[in-house]
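Everything on this sheet refers to the single structure shown next.
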Amino acid sequence: MRTLPRIALLPGFTPGEPKTYTVRGYEQGVLRAGGFPVTLPLTDRPEILEQAAHFFDGFLFVGGKDLHPRHYGQEVLEACGLISPENDAMDLALMKKVLALRKPIFGICRGCQTMNVALGGDLYQDIPSQIPRSAPCQHRQQSPDNVATHRVTIREDSLLYRIVGQTSLMVNSLHHQAIGTPAPGTMVSAIASDGVSEAIERSDDSFFLGVQWHPERLLDTEPHAMKLFSAFVKACSRS
Ligand code: MN
């Protein structure tokens, strides 16, 4: 029997609550793409993260709470949201181990932001109060999660373009933070109509793609959403 690519999903967690969780769309996207999704326990124990980095074929860094701004050299501004130190400790430590092994990383929303911070970039803690925009998009959309609400324009010299085959997409938007200064060695490969950064990748041949929107909630409404999961799981199958 063919062994399916093993895809680690980072756990969702709300500080103070007695549970971790997985949003079903992440599992569905990986399952439909032919991968075997497994949600990791919430931990920063180095030996667990070390084994996970070696055991799994690819890593999906999911959406969640705001990263603590201390990880990019800032204090917590008034408009910053809820922080989960537990997720921060796990995400940043695991991502560094995975980067060292050059295994595929796919980041969604917070995951995309974590990718930039892990490599030395920073974030806007709050788009509405920090980014001047003449015609603001609704980055925290009022509509249901499976409705695409704003456009992103994609660089043609990017992995994202090679995956979706389009220079622009309509996406959903459930964030109030965004990539600020891109980390060294990365590039922003998609921007929203109001200039907000919406995707990040690395200028080398590894699969390192972060998107600010939520393809896991667009699986049944936008064909480009499944293309991202398929490309990610395919990249995890190479070894
Ligand atoms: Mn957006």
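Note on naming: chains are A, B, ... as they come in the structure tokens, residues start from 1 per chain, ligands start from 1 in the order shown.
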Show me which residues are within 8 Å of ligand 1 counting only C-alpha atoms and all ligand atoms, and format the list as a list in words.
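For ligand 1, the residues inside 8 Å are Cys137, Gln138, His139, Arg140, His150, Val171, Asn172, Ser173, Leu174, His175, Ala192, Val196, Ser197, Glu198, Gln212 and Trp213 of chain A.
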So that I can check the surroundings of Pro132 (chain A), please list as a PDB file with all heavy atoms, in the first residue's frame every protein, DNA and RNA residue that reaches within 12 Å of it, counting only C-alpha atoms and ignoring chain neighbours fewer than 6 positions away.
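Output saved as result-v6.pdb:
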ATOM      1  N   TYR A 124       2.590  44.218  10.931  1.00  0.00           N
ATOM      2  CA  TYR A 124       1.711  45.268  11.417  1.00  0.00           C
ATOM      3  C   TYR A 124       0.800  44.637  12.461  1.00  0.00           C
ATOM      4  O   TYR A 124       0.135  43.632  12.173  1.00  0.00           O
ATOM      5  CB  TYR A 124       0.869  45.851  10.278  1.00  0.00           C
ATOM      6  CG  TYR A 124       1.661  46.698   9.312  1.00  0.00           C
ATOM      7  CD1 TYR A 124       1.908  46.260   8.017  1.00  0.00           C
ATOM      8  CD2 TYR A 124       2.155  47.943   9.708  1.00  0.00           C
ATOM      9  CE1 TYR A 124       2.640  47.044   7.127  1.00  0.00           C
ATOM     10  CE2 TYR A 124       2.890  48.724   8.826  1.00  0.00           C
ATOM     11  CZ  TYR A 124       3.123  48.267   7.537  1.00  0.00           C
ATOM     12  OH  TYR A 124       3.857  49.044   6.667  1.00  0.00           O
ATOM     13  N   ASP A 126      -1.861  45.863  13.651  1.00  0.00           N
ATOM     14  CA  ASP A 126      -3.271  46.164  13.383  1.00  0.00           C
ATOM     15  C   ASP A 126      -3.378  46.985  12.101  1.00  0.00           C
ATOM     16  O   ASP A 126      -2.903  48.125  12.067  1.00  0.00           O
ATOM     17  CB  ASP A 126      -3.872  46.935  14.561  1.00  0.00           C
ATOM     18  CG  ASP A 126      -5.336  47.273  14.351  1.00  0.00           C
ATOM     19  OD1 ASP A 126      -6.154  46.325  14.248  1.00  0.00           O
ATOM     20  OD2 ASP A 126      -5.669  48.464  14.273  1.00  0.00           O
ATOM     21  N   ASP A 194      -5.656  47.214  -1.665  1.00  0.00           N
ATOM     22  CA  ASP A 194      -5.286  48.386  -0.859  1.00  0.00           C
ATOM     23  C   ASP A 194      -3.824  48.349  -0.416  1.00  0.00           C
ATOM     24  O   ASP A 194      -3.412  49.125   0.439  1.00  0.00           O
ATOM     25  CB  ASP A 194      -6.216  48.519   0.344  1.00  0.00           C
ATOM     26  CG  ASP A 194      -6.161  47.305   1.270  1.00  0.00           C
ATOM     27  OD1 ASP A 194      -5.350  46.391   1.009  1.00  0.00           O
ATOM     28  OD2 ASP A 194      -6.941  47.266   2.246  1.00  0.00           O
ATOM     29  N   GLY A 195      -3.043  47.427  -0.994  1.00  0.00           N
ATOM     30  CA  GLY A 195      -1.610  47.404  -0.731  1.00  0.00           C
ATOM     31  C   GLY A 195      -1.164  46.496   0.399  1.00  0.00           C
ATOM     32  O   GLY A 195       0.037  46.346   0.636  1.00  0.00           O
ATOM     33  N   VAL A 196      -2.091  45.888   1.115  1.00  0.00           N
ATOM     34  CA  VAL A 196      -1.723  45.002   2.224  1.00  0.00           C
ATOM     35  C   VAL A 196      -1.100  43.707   1.674  1.00  0.00           C
ATOM     36  O   VAL A 196      -1.599  43.138   0.706  1.00  0.00           O
ATOM     37  CB  VAL A 196      -2.964  44.681   3.087  1.00  0.00           C
ATOM     38  CG1 VAL A 196      -2.673  43.565   4.089  1.00  0.00           C
ATOM     39  CG2 VAL A 196      -3.428  45.943   3.812  1.00  0.00           C
TER      40      VAL A 196
END
Near Ser230 (chain A), within 12 Å and counting only C-alpha atoms, which residues show up once chain neighbours fewer than 6 positions away are dropped, as a PDB file with N, CA, C and O atoms, in the first residue's frame?
ATOM      1  N   PRO A   5       1.639  10.979   2.182  1.00  0.00           N
ATOM      2  CA  PRO A   5       2.472  11.990   2.850  1.00  0.00           C
ATOM      3  C   PRO A   5       1.866  12.372   4.202  1.00  0.00           C
ATOM      4  O   PRO A   5       0.666  12.622   4.305  1.00  0.00           O
ATOM      5  N   GLN A  28      -9.713  18.681   5.774  1.00  0.00           N
ATOM      6  CA  GLN A  28     -10.364  18.368   4.504  1.00  0.00           C
ATOM      7  C   GLN A  28      -9.467  18.703   3.314  1.00  0.00           C
ATOM      8  O   GLN A  28      -9.384  17.929   2.356  1.00  0.00           O
ATOM      9  N   GLY A  29      -8.816  19.843   3.380  1.00  0.00           N
ATOM     10  CA  GLY A  29      -7.931  20.232   2.279  1.00  0.00           C
ATOM     11  C   GLY A  29      -6.809  19.220   2.095  1.00  0.00           C
ATOM     12  O   GLY A  29      -6.503  18.802   0.973  1.00  0.00           O
ATOM     13  N   VAL A  30      -6.185  18.797   3.202  1.00  0.00           N
ATOM     14  CA  VAL A  30      -5.081  17.837   3.125  1.00  0.00           C
ATOM     15  C   VAL A  30      -5.597  16.465   2.697  1.00  0.00           C
ATOM     16  O   VAL A  30      -4.987  15.797   1.848  1.00  0.00           O
ATOM     17  N   LEU A  31      -6.737  16.044   3.243  1.00  0.00           N
ATOM     18  CA  LEU A  31      -7.300  14.736   2.871  1.00  0.00           C
ATOM     19  C   LEU A  31      -7.638  14.693   1.383  1.00  0.00           C
ATOM     20  O   LEU A  31      -7.312  13.731   0.678  1.00  0.00           O
ATOM     21  N   ARG A  32      -8.310  15.720   0.912  1.00  0.00           N
ATOM     22  CA  ARG A  32      -8.713  15.743  -0.504  1.00  0.00           C
ATOM     23  C   ARG A  32      -7.502  15.775  -1.423  1.00  0.00           C
ATOM     24  O   ARG A  32      -7.546  15.317  -2.553  1.00  0.00           O
ATOM     25  N   ALA A  33      -6.387  16.340  -0.931  1.00  0.00           N
ATOM     26  CA  ALA A  33      -5.161  16.401  -1.740  1.00  0.00           C
ATOM     27  C   ALA A  33      -4.368  15.099  -1.667  1.00  0.00           C
ATOM     28  O   ALA A  33      -3.334  14.969  -2.327  1.00  0.00           O
ATOM     29  N   GLY A  34      -4.815  14.148  -0.866  1.00  0.00           N
ATOM     30  CA  GLY A  34      -4.126  12.861  -0.787  1.00  0.00           C
ATOM     31  C   GLY A  34      -3.104  12.768   0.317  1.00  0.00           C
ATOM     32  O   GLY A  34      -2.261  11.867   0.306  1.00  0.00           O
ATOM     33  N   GLY A  35      -3.183  13.654   1.285  1.00  0.00           N
ATOM     34  CA  GLY A  35      -2.265  13.600   2.420  1.00  0.00           C
ATOM     35  C   GLY A  35      -2.938  12.999   3.642  1.00  0.00           C
ATOM     36  O   GLY A  35      -4.151  12.781   3.664  1.00  0.00           O
ATOM     37  N   PHE A 106       3.573  25.169   4.672  1.00  0.00           N
ATOM     38  CA  PHE A 106       2.445  25.927   4.150  1.00  0.00           C
ATOM     39  C   PHE A 106       1.844  26.664   5.340  1.00  0.00           C
ATOM     40  O   PHE A 106       1.523  26.050   6.364  1.00  0.00           O
ATOM     41  N   ILE A 163       1.369  27.874  -9.056  1.00  0.00           N
ATOM     42  CA  ILE A 163       0.345  26.973  -8.514  1.00  0.00           C
ATOM     43  C   ILE A 163      -1.047  27.317  -9.039  1.00  0.00           C
ATOM     44  O   ILE A 163      -1.778  26.435  -9.494  1.00  0.00           O
ATOM     45  N   VAL A 164      -1.428  28.579  -8.967  1.00  0.00           N
ATOM     46  CA  VAL A 164      -2.817  28.924  -9.313  1.00  0.00           C
ATOM     47  C   VAL A 164      -2.981  29.320 -10.777  1.00  0.00           C
ATOM     48  O   VAL A 164      -4.095  29.271 -11.309  1.00  0.00           O
ATOM     49  N   PRO A 215      -7.809  29.514   2.557  1.00  0.00           N
ATOM     50  CA  PRO A 215      -8.262  28.556   1.529  1.00  0.00           C
ATOM     51  C   PRO A 215      -9.058  27.394   2.132  1.00  0.00           C
ATOM     52  O   PRO A 215      -9.912  26.816   1.447  1.00  0.00           O
ATOM     53  N   GLU A 216      -8.793  27.065   3.393  1.00  0.00           N
ATOM     54  CA  GLU A 216      -9.502  25.931   4.014  1.00  0.00           C
ATOM     55  C   GLU A 216     -10.998  26.204   4.155  1.00  0.00           C
ATOM     56  O   GLU A 216     -11.775  25.281   4.394  1.00  0.00           O
ATOM     57  N   LEU A 219     -12.857  25.824   0.098  1.00  0.00           N
ATOM     58  CA  LEU A 219     -12.676  24.578  -0.666  1.00  0.00           C
ATOM     59  C   LEU A 219     -13.839  24.302  -1.607  1.00  0.00           C
ATOM     60  O   LEU A 219     -13.655  23.721  -2.673  1.00  0.00           O
ATOM     61  N   PRO A 223     -12.196  27.556  -6.791  1.00  0.00           N
ATOM     62  CA  PRO A 223     -11.325  26.481  -7.283  1.00  0.00           C
ATOM     63  C   PRO A 223      -9.844  26.662  -6.933  1.00  0.00           C
ATOM     64  O   PRO A 223      -9.120  25.681  -6.779  1.00  0.00           O
ATOM     65  N   HIS A 224      -9.394  27.913  -6.778  1.00  0.00           N
ATOM     66  CA  HIS A 224      -7.971  28.113  -6.480  1.00  0.00           C
ATOM     67  C   HIS A 224      -7.601  27.610  -5.090  1.00  0.00           C
ATOM     68  O   HIS A 224      -6.431  27.337  -4.822  1.00  0.00           O
ATOM     69  N   CYS A 236       5.142  17.502  -0.582  1.00  0.00           N
ATOM     70  CA  CYS A 236       5.481  16.641   0.567  1.00  0.00           C
ATOM     71  C   CYS A 236       5.690  15.192   0.138  1.00  0.00           C
ATOM     72  O   CYS A 236       6.088  14.360   0.940  1.00  0.00           O
ATOM     73  N   SER A 237       5.399  14.878  -1.102  1.00  0.00           N
ATOM     74  CA  SER A 237       5.450  13.495  -1.584  1.00  0.00           C
ATOM     75  C   SER A 237       6.763  13.158  -2.275  1.00  0.00           C
ATOM     76  O   SER A 237       6.997  12.027  -2.644  1.00  0.00           O
TER      77      SER A 237
END
For region 7-12 of chain A, work out the shell of residues within 7 Å, counting only C-alpha atoms and skipping chain neighbours fewer than 3 positions away, then give it as a compact mmCIF listing (two decimals) with N, CA, C and O atoms, in the first residue's frame.
# COMPACT_ATOMS: atom_id res chain seq x y z
N THR A 20 -7.45 21.88 22.89
CA THR A 20 -6.90 22.33 21.62
C THR A 20 -7.86 21.88 20.54
O THR A 20 -8.74 21.04 20.79
N TYR A 21 -7.72 22.41 19.33
CA TYR A 21 -8.70 22.08 18.30
C TYR A 21 -8.08 22.19 16.91
O TYR A 21 -7.01 22.76 16.73
N THR A 22 -8.80 21.60 15.96
CA THR A 22 -8.44 21.72 14.55
C THR A 22 -9.65 22.20 13.77
O THR A 22 -10.74 21.66 13.95
N GLY A 35 -3.18 13.65 1.28
CA GLY A 35 -2.26 13.60 2.42
C GLY A 35 -2.94 13.00 3.64
O GLY A 35 -4.15 12.78 3.66
N PHE A 36 -2.14 12.71 4.65
CA PHE A 36 -2.60 12.13 5.92
C PHE A 36 -2.39 13.19 6.99
O PHE A 36 -1.28 13.34 7.51
N PRO A 37 -3.44 13.97 7.33
CA PRO A 37 -3.27 15.05 8.30
C PRO A 37 -3.30 14.54 9.74
O PRO A 37 -4.12 13.70 10.10
N VAL A 38 -2.38 15.04 10.54
CA VAL A 38 -2.34 14.71 11.97
C VAL A 38 -2.13 16.01 12.74
O VAL A 38 -1.15 16.73 12.48
N THR A 39 -3.01 16.30 13.68
CA THR A 39 -2.84 17.51 14.49
C THR A 39 -1.91 17.21 15.65
O THR A 39 -2.09 16.23 16.38
N LEU A 40 -0.91 18.04 15.82
CA LEU A 40 0.08 17.85 16.87
C LEU A 40 -0.47 18.30 18.23
O LEU A 40 -1.34 19.17 18.29
N PRO A 41 0.05 17.73 19.30
CA PRO A 41 -0.27 18.25 20.63
C PRO A 41 0.40 19.61 20.82
O PRO A 41 1.42 19.89 20.21
N LEU A 42 -0.20 20.43 21.66
CA LEU A 42 0.36 21.76 21.93
C LEU A 42 1.50 21.62 22.93
O LEU A 42 1.27 21.35 24.11
N PHE A 56 7.41 13.96 10.16
CA PHE A 56 6.40 14.39 9.19
C PHE A 56 7.05 14.88 7.89
O PHE A 56 8.19 15.32 7.86
N ASP A 57 6.26 14.78 6.81
CA ASP A 57 6.77 15.15 5.48
C ASP A 57 6.48 16.61 5.15
O ASP A 57 7.10 17.17 4.24
N GLY A 58 5.51 17.20 5.82
CA GLY A 58 5.17 18.60 5.56
C GLY A 58 4.44 19.16 6.76
O GLY A 58 3.93 18.41 7.61
N PHE A 59 4.38 20.49 6.84
CA PHE A 59 3.89 21.16 8.05
C PHE A 59 2.95 22.29 7.66
O PHE A 59 3.32 23.19 6.91
N LEU A 60 1.74 22.21 8.20
CA LEU A 60 0.73 23.25 7.94
C LEU A 60 0.58 24.10 9.20
O LEU A 60 0.08 23.63 10.24
N PHE A 61 1.06 25.33 9.10
CA PHE A 61 0.94 26.29 10.20
C PHE A 61 -0.37 27.04 10.00
O PHE A 61 -0.53 27.77 9.03
N VAL A 62 -1.28 26.86 10.93
CA VAL A 62 -2.67 27.26 10.74
C VAL A 62 -2.93 28.67 11.30
O VAL A 62 -2.05 29.30 11.89
N GLY A 64 -4.81 31.52 13.80
CA GLY A 64 -4.93 31.54 15.25
C GLY A 64 -4.81 32.95 15.80
O GLY A 64 -5.11 33.93 15.12
From a backbone DSSP assignment, name each residue in region 89-215 of chain A labelled helix (DSSP H, G or I), as an NGL selection string.
:A and (89-101 or 110-118 or 127-130 or 159-164 or 215)
Ala53 (chain A) proximity check over A:Ala93, A:Leu159, A:Ile127, A:Ala79, using only C-alpha atoms: winner is A:Ala93
As a CSV table (one decimal) with N, CA and C atoms, in the first residue's frame, list the residues of region 100-228 of chain A assigned to strand (DSSP E or B) by DSSP on the backbone atoms of this structure.
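Dumped to part.csv:
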chain,number,residue,atom,x,y,z
A,105,ILE,N,6.7,23.8,4.0
A,105,ILE,CA,5.9,24.6,5.0
A,105,ILE,C,4.8,25.3,4.2
A,106,PHE,N,3.6,25.2,4.7
A,106,PHE,CA,2.4,25.9,4.2
A,106,PHE,C,1.8,26.7,5.3
A,107,GLY,N,1.7,28.0,5.2
A,107,GLY,CA,1.2,28.8,6.3
A,107,GLY,C,-0.1,29.5,5.9
A,108,ILE,N,-1.0,29.5,6.8
A,108,ILE,CA,-2.3,30.2,6.5
A,108,ILE,C,-2.5,31.2,7.6
A,123,LEU,N,5.7,42.5,11.6
A,123,LEU,CA,4.2,42.5,11.3
A,123,LEU,C,3.7,43.9,11.6
A,124,TYR,N,2.6,44.2,10.9
A,124,TYR,CA,1.7,45.3,11.4
A,124,TYR,C,0.8,44.6,12.5
A,140,ARG,N,-11.2,42.2,7.7
A,140,ARG,CA,-12.0,41.4,8.7
A,140,ARG,C,-13.4,41.4,8.1
A,150,HIS,N,-12.2,40.2,-1.2
A,150,HIS,CA,-11.3,41.1,-1.9
A,150,HIS,C,-10.3,40.4,-2.8
A,151,ARG,N,-9.7,41.3,-3.7
A,151,ARG,CA,-8.9,40.7,-4.7
A,151,ARG,C,-7.4,40.8,-4.2
A,152,VAL,N,-6.6,39.8,-4.7
A,152,VAL,CA,-5.2,39.9,-4.5
A,152,VAL,C,-4.5,39.8,-5.9
A,153,THR,N,-3.4,40.6,-6.0
A,153,THR,CA,-2.7,40.5,-7.3
A,153,THR,C,-1.4,39.8,-7.0
A,154,ILE,N,-1.1,38.9,-7.9
A,154,ILE,CA,0.0,37.9,-7.7
A,154,ILE,C,1.2,38.2,-8.6
A,168,SER,N,-4.5,37.2,-10.6
A,168,SER,CA,-5.3,37.8,-9.6
A,168,SER,C,-6.3,36.8,-9.1
A,169,LEU,N,-6.7,36.9,-7.9
A,169,LEU,CA,-7.7,35.9,-7.3
A,169,LEU,C,-8.6,36.7,-6.4
A,170,MET,N,-9.8,36.2,-6.2
A,170,MET,CA,-10.7,36.8,-5.2
A,170,MET,C,-10.5,35.8,-3.9
A,171,VAL,N,-10.3,36.4,-2.8
A,171,VAL,CA,-10.1,35.7,-1.6
A,171,VAL,C,-11.0,36.2,-0.4
A,174,LEU,N,-9.8,37.3,7.0
A,174,LEU,CA,-10.2,37.2,8.4
A,174,LEU,C,-9.1,37.6,9.3
A,178,ALA,N,-0.8,42.0,9.5
A,178,ALA,CA,-0.3,41.7,8.2
A,178,ALA,C,1.2,41.7,8.2
A,179,ILE,N,1.8,41.2,7.2
A,179,ILE,CA,3.3,41.2,7.1
A,179,ILE,C,3.7,42.7,6.9
A,186,THR,N,13.1,36.5,1.7
A,186,THR,CA,11.7,36.2,1.3
A,186,THR,C,11.1,37.3,0.4
A,187,MET,N,10.0,37.0,-0.2
A,187,MET,CA,9.3,38.0,-1.0
A,187,MET,C,7.8,38.0,-0.8
A,188,VAL,N,7.2,39.1,-0.9
A,188,VAL,CA,5.7,39.2,-0.8
A,188,VAL,C,5.3,38.9,-2.2
A,189,SER,N,4.5,37.8,-2.4
A,189,SER,CA,4.1,37.4,-3.8
A,189,SER,C,2.6,37.7,-4.1
A,190,ALA,N,1.9,38.3,-3.2
A,190,ALA,CA,0.5,38.7,-3.5
A,190,ALA,C,0.2,40.0,-2.6
A,191,ILE,N,-0.5,40.9,-3.2
A,191,ILE,CA,-0.9,42.1,-2.4
A,191,ILE,C,-2.4,42.3,-2.7
A,192,ALA,N,-3.1,42.8,-1.7
A,192,ALA,CA,-4.5,43.2,-1.8
A,192,ALA,C,-4.6,44.5,-2.6
A,197,SER,N,0.0,43.3,2.3
A,197,SER,CA,0.7,42.0,1.9
A,197,SER,C,-0.2,40.8,2.2
A,198,GLU,N,-0.3,39.9,1.2
A,198,GLU,CA,-1.2,38.8,1.4
A,198,GLU,C,-0.6,37.4,1.2
A,199,ALA,N,0.7,37.4,0.8
A,199,ALA,CA,1.4,36.1,0.6
A,199,ALA,C,2.9,36.3,0.8
A,200,ILE,N,3.5,35.2,1.3
A,200,ILE,CA,5.0,35.3,1.4
A,200,ILE,C,5.6,34.0,0.9
A,201,GLU,N,6.8,34.1,0.3
A,201,GLU,CA,7.5,32.9,0.0
A,201,GLU,C,9.0,33.1,0.0
A,202,ARG,N,9.7,32.1,-0.2
A,202,ARG,CA,11.2,32.2,-0.1
A,202,ARG,C,11.8,32.1,-1.5
A,208,PHE,N,7.8,26.8,0.4
A,208,PHE,CA,7.7,27.7,1.6
A,208,PHE,C,6.7,28.8,1.2
A,209,LEU,N,5.4,28.6,1.5
A,209,LEU,CA,4.4,29.4,1.0
A,209,LEU,C,3.4,29.8,2.1
A,210,GLY,N,3.2,31.1,2.3
A,210,GLY,CA,2.2,31.5,3.3
A,210,GLY,C,1.2,32.4,2.6
A,211,VAL,N,0.0,32.2,3.0
A,211,VAL,CA,-1.1,33.1,2.4
A,211,VAL,C,-1.9,33.6,3.6
Practice item. One decimal, Å: what's the distance from CA of His176 (chain A) over to CA of Pro128 (chain A), could you say? Key: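 Computing it gives 7.4 Å between the two atoms.
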As a check of understanding: the span from CA of Val147 (chain A) to CA of Gln130 (chain A) is 25.8 Å
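Within 8 Å of Thr43 (chain A), once only C-alpha atoms are used and residues closer than 6 positions along the same chain are dropped, the contacting residues are Leu49, Glu86 and Met90 of chain A.
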Using N, CA and C atoms, can you export the residues from the last selection as a PDB file, in the first residue's frame?
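And here is the file that came out, result35.pdb:
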ATOM      1  N   LEU A  49       9.327  18.292  19.403  1.00  0.00           N
ATOM      2  CA  LEU A  49       9.379  19.072  18.157  1.00  0.00           C
ATOM      3  C   LEU A  49      10.459  18.533  17.221  1.00  0.00           C
ATOM      4  N   GLU A  86       1.732  30.077  24.331  1.00  0.00           N
ATOM      5  CA  GLU A  86       1.938  28.646  24.098  1.00  0.00           C
ATOM      6  C   GLU A  86       2.095  28.356  22.607  1.00  0.00           C
ATOM      7  N   MET A  90       5.653  27.128  20.485  1.00  0.00           N
ATOM      8  CA  MET A  90       5.671  25.914  19.659  1.00  0.00           C
ATOM      9  C   MET A  90       5.936  26.249  18.194  1.00  0.00           C
TER      10      MET A  90
END
Between CA of Gly63 (chain A) and CA of Cys80 (chain A) - distance in Å to one decimal: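 Going from CA of Cys80 (chain A) over to CA of Gly63 (chain A) covers 15.8 Å.
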- prompt: For Gly120 (chain A), which residue among A:Pro85, A:Pro69, A:Pro18, A:Pro182 is the nearest when counting only C-alpha atoms?
  reply: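 Once distances to Gly120 (chain A) are computed over only C-alpha atoms, the minimum belongs to A:Pro182.
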Quiz item: Given the choices A:Ala183, A:Ile48, A:Ala148, A:Ala235, which gets closest to Leu218 (chain A) if the distance is worked out from only C-alpha atoms?
Solution: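 Comparing A:Ala183, A:Ile48, A:Ala148, A:Ala235 against Leu218 (chain A), the winner is A:Ala148.
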Env of Gly73 (chain A): 12 Å cut, atoms = only C-alpha atoms, seq-sep filter 2 positions within chain, self excluded. Answer as JSON, numbers by chain. {"A": [67, 68, 69, 70, 71, 75, 76, 117, 120, 121, 122, 123, 124, 125]}
